[in-house]
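A short worksheet on the structure shown next.
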Number of protein chains: 2
Amino acid sequence: MAVRRVDRIPRTDGEARERRLARGARLRGYLDSLLSDDQRLLVVSNRGPLSFVHRRGDDWEANRGSGGLVTALGELGRLAPVSWVSTAMDAGDRKAAAALAGPAEDRRRLEALIRQQLPGQDMELRLTDVPDDAYALHYGTVSNPFLWFVQHQLYMLPYDPQVDDQLIDAWRNGYSVVNHLLARAALDASPASRPVVMLQDYHLYLAAATIRQERPGSLLLHFNHIPWPGLEAWQMLPQNLRRAVHHGLLANDILGFQTDRYAANFLTSAAAFVRDARVDRAARSIAWRGRTIYVRAYPISLEPDALVRFARGADVAARREALAARLDRAGRPRLVVRVDRLEPSKNVLRGFLAFEALLERRPELRAQVRFLAIQSTSRETLPEYAQYAAAVREVVGRVNGLADPDEAPIWLLDGTDYALAMAALQLADAVLVNPIVDGMNLVAKEAVLVGDPVLILSETAGAAEQLARDSLMVTATDVAGTSRTIEAALSMPTSERQLRARRLRAGVREQDIEWWLGRQLRDLVAVSEARRPPSRPLRDTLRGFEPDLD
Amino acid sequence: MAVRRVDRIPRTDGEARERRLARGARLRGYLDSLLSDDQRLLVVSNRGPLSFVHRRGDDWEANRGSGGLVTALGELGRLAPVSWVSTAMDAGDRKAAAALAGPAEDRRRLEALIRQQLPGQDMELRLTDVPDDAYALHYGTVSNPFLWFVQHQLYMLPYDPQVDDQLIDAWRNGYSVVNHLLARAALDASPASRPVVMLQDYHLYLAAATIRQERPGSLLLHFNHIPWPGLEAWQMLPQNLRRAVHHGLLANDILGFQTDRYAANFLTSAAAFVRDARVDRAARSIAWRGRTIYVRAYPISLEPDALVRFARGADVAARREALAARLDRAGRPRLVVRVDRLEPSKNVLRGFLAFEALLERRPELRAQVRFLAIQSTSRETLPEYAQYAAAVREVVGRVNGLADPDEAPIWLLDGTDYALAMAALQLADAVLVNPIVDGMNLVAKEAVLVGDPVLILSETAGAAEQLARDSLMVTATDVAGTSRTIEAALSMPTSERQLRARRLRAGVREQDIEWWLGRQLRDLVAVSEARRPPSRPLRDTLRGFEPDLD
């Protein structure tokens, strides 16, 4: 049974490849139109595509990041000359920054290393050295424990957050400072009077304002990878911080969000918090201080061919065989799989509770089903994360009891092994993606690209706007409903499962990472020609799935 | 100093009284137009205006409720014949219900008691006996721990709520059942083919549907006393519950909310969750299944003359003198006052933390200022409430240390003594009303009616939409900002304080409880004549106050 499943790996479709080649040409066309001769496209993000380790002398190592942002933009240098501005995150990065700015010999050595890691690309890295203390405040006080928590609704409001002088100080002397330094680095990287800049994510809400002030003609797009929640969440920020965030973002020409709902939320929060903004909801634009800002959804995605290639490779095959052997020993149970960082917004706790309720309702499934949770730890130094991990472990312990490893209903596997994760998704009968809130959630897209499981998806995952129609949708807080939906997924006829997976896969292949990039570039071209960006709202797939109460 | 302040009690304004008399006539006019001969206006709420105790034989006692809802509607029987349908909350109520339905002698005795408690009113009480177990599920599982928490954003989302079979069962066999029984009781109370019904609050989201089904021509208005949050909060309800709530409410002709923002939130949630609803944001109406539903804001208020009369009475005077004497002993400090139930959404914790930060910044204020917190306990059986109360007590203990009672910076006083609360508000230099979220918050309105303090108000109190302009506004989570705002309030020149208080008072006197009721009745008359309800959005006072980051 487990072996048969390997055949599920979908083939690359020749026609689709043709279409993607045509797309590549279109992207180059957009970039040609945006950039003058010798002009480089600027990308600005907190973390760059490579991190560096300096051993000694000329012994350098460069490692490619694995995050969604880096993956999404990491091939951009194939299409146009790119300068990527980011912070030097540690001592290795800082040494690399110094080497890149130093004697010709050092520079050439580093550049060769970068070319080797990013082959076929014209990609210049601009690692920006920011003061340690400012960076600690930016990253460790404002961005991750505060903005991330606000935007993912992780606070227990009666107690947290407590906005105190320390946070305000971190905002002024950390977040603002780093934003300003990265903006300056971007300006230094391009002499153009109209630099074209793609700013990334919640670390950089203020950077566009500095660039706009210095070069008013700049063409600026900010893409926000994480959720943009409704008013209530933003009302946790003191009024002046909240307004600074909105003013900073309104210095852009285009604001990109993962979903239409986040884009709509931004229009609402700008209308509520920016005194002199005029919001046009129908046009999805904001008139502010003599400029027009367009607000659009660009749901992020993957490179399907590359992923399928990887999924067919030897690394994944080895994991798949090992996993299949273990499943054989366990009597070839059906498989529910989830893949995520162990972090409170991913909702692994309620996922296990739902599985526990299923086993209580149908004890015979204890022998016939396994829940494979491919988990990586995350931000363990934050007490909220440690506490959550402990609560999860308690439920796992309760469900598994004293069973032998292969007999235990829940298998916890190492989420830092990406090949293992892909192998598990290939073998899955159902994949559970039930975040409380999530900017996009790429596991949902990976799952249908490498396998054909039933996708169980919470509507509060960003991916729901594209994938609701052919997934089984759940409410994140609904343990009872999730439990019944896992049951329904396991009893879905093969033909229906495959049909749904095929349609989901077709959608993900259509709206892939080049589509994501293409929509942004096309919209930037439109703005550069004083036209309205043409990108339309996504079709609303969320309203359709809600059942009436019986 | 404390004694002088007694003069602050504002006089009743003759002109304003004239205006209110004219208003009373207008209200009667609306009711005449709404009700045919012999037809009674129906009010339906969970709790009725009186609760009953039966000692023995004919020894009955009736007590008038003190909640905002009962106060707001408790004089309605002066204007028109009213039948008020509510649940029999305990054994006394159930005995009263039986007596009212029983032999003529018992009925007459009870009716006399009701007339005595509600003098000058034609008010019939319809206490509805609902099964104990259904009521326990309705009140103790769904309404208070679930809907209240959802609508006040009190959950820590990574952990709670966990929607399980028990909650779904409580919804079906408790919440639905009680809604249906109260709707049936309302239908029984009026033979009219077009009953006019005012439904109250979050306990009754489903009742209108039963009435509409039975008597399609009914004229139904549901007023929601608590916040209507944005989409994220409603996404905690399973899809079928969420839709049942919205369908239930859309059975009304008019939906009333405390603020424009809550009304706007309802338009958004209906658009997101009700498949076949067509929402017109500009008209604030929803077309659904052949009917039009209007969504309006009716910010609730007080009866100013009655309150001022009470504040001038002997009970309040006695408390005021005792308090003034104690303040004299303490060296006549300046006074910050808050009055609330000790409940997590009221944010007393951050209020004390802000005060603590102020005393740390300016130690000399320890002798010169007292923070009088008039607190009543609330729902102590809920663990969340008990835990919150403990956290509050810890901060109070830390601030007060080992100081003698009069020297302690924070004085905790008994919030069940309403006269004491009014006395404290009269003496206050500043009143802190900083809820994390609050449907309205009447303390803010009481404070400016009985005294003239600086009002420090969080924008997430419903009252902010009316009172922002002349209050000092704070963000509920902003301990640092609240601390500085308390300092600013204490150093505000008397003339400015009085000017602001005067303007606030004028606003509250203008938009009083009759205005609240009048807007609803006027809108009902419009609907009964197939016209659009004329009530306009309130002026937006919230955007004006936000300072830029310096």
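We name chains A, B, ... following the order of the structure tokens; residues begin at 1 in each chain, and ligands are numbered from 1 as shown.
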Return the neighbours of chain B among the residues of chain A, cut-off 9 Å, counting only C-alpha atoms, as a PyMOL selection string.
chain A and resi 153-165+168+229-232+235-241+243-244+271-275+344-347+349-350+354+388+436+459-460+474-481+542-550
Distance query A:Gly248 at most 6 Å, only C-alpha atoms, self and fewer than 3 positions along chain excluded, as a list of chain:residue names
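Neighbouring residues, sequence-local ones excluded: A:Tyr205, A:Leu206, A:Ala209, A:Ala244, A:Val245, A:Ala251.
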Test item, strand (DSSP E or B) assignment across stretch 144-321 of chain A, answer as a list in words:
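Output for stretch 144-321 of chain A, strand (DSSP E or B) only: Val163, Val196, Val197, Met198, Leu199, Gln200, Leu219, Leu220, Leu221, His222, Phe223, Ile254, Leu255, Gly256, Phe257, Arg278, Val279, Asp280, Ser285, Ile286, Ala287, Trp288, Arg291, Thr292, Ile293, Tyr294, Val295, Arg296 and Ala297 of chain A.
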Shell of 12 Å around A:Ala322, only C-alpha atoms, local chain residues under 4 positions omitted, as an NGL selection string
:A and (2-3 or 315-318 or 326-329 or 419-420 or 423-424 or 427)
Backbone-only DSSP, helix (DSSP H, G or I) members of stretch 146-185 of chain B, as a list of chain:residue names
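DSSP-assigned helix (DSSP H, G or I) residues in stretch 146-185 of chain B: B:Phe146, B:Leu147, B:Trp148, B:Phe149, B:Val150, B:Gln151, B:Asp165, B:Gln166, B:Leu167, B:Ile168, B:Asp169, B:Ala170, B:Trp171, B:Arg172, B:Asn173, B:Gly174, B:Tyr175, B:Ser176, B:Val177, B:Val178, B:Asn179, B:His180, B:Leu181, B:Leu182, B:Ala183, B:Arg184, B:Ala185.
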One decimal, Å: what's the distance from atom CA of B:Leu267 over to atom CA of B:Ala72, could you say?
25.5 Å
As a VMD selection string, please: the residues near A:Ala489 (cut-off 9 Å, only C-alpha atoms, same-chain neighbours under 6 positions excluded).
chain A and resid 429 to 430 453 to 456 472 497
So the first atom is atom CA of B:Ala325 and the second is atom CA of B:Glu364; what is the distance between them in Å, to one decimal place?
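If I compute the distance from atom CA of B:Ala325 to atom CA of B:Glu364, I get 22.3 Å.
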Pick out the residues sitting within 9 Å of B:Val43, and hand them over as a list in words; count only C-alpha atoms, and ignore anything fewer than 5 positions along from it in its own chain.
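My list of contacting residues is Leu73, Val82, Ser83, Trp84, Val85, Ser86, Ala186, Val196, Val197, Met198, Leu199 and Gln200 of chain B.
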Residue contacts of B:Ala25 (12 Å, only C-alpha atoms) excluding same-chain residues fewer than 3 positions away, as an MDAnalysis selection string
chainID B and resid 18:22 28:32 78:80 514 518
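Atom pair atom CA of A:Ala373 / atom CA of A:Leu302 has a distance of 21.8 Å (rounded to one decimal).
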Nearest to B:Arg332, chosen from B:Asp305, B:Asp406, B:Asp188, B:Glu394, with only C-alpha atoms counted in the distances
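Under the stated criterion, the closest residue is B:Asp406.
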Of the listed residues A:Val369, A:Ala530, A:Val443, A:Leu524, that which approaches A:Leu34 most closely, counting only C-alpha atoms
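Of all the options, A:Leu524 lies closest to A:Leu34.
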Residues near A:Leu187, cut-off 9 Å, only C-alpha atoms, skip fewer than 4 positions along chain, as number ranges by chain
A: 182-183, 191-192, 195, 211, 214-215
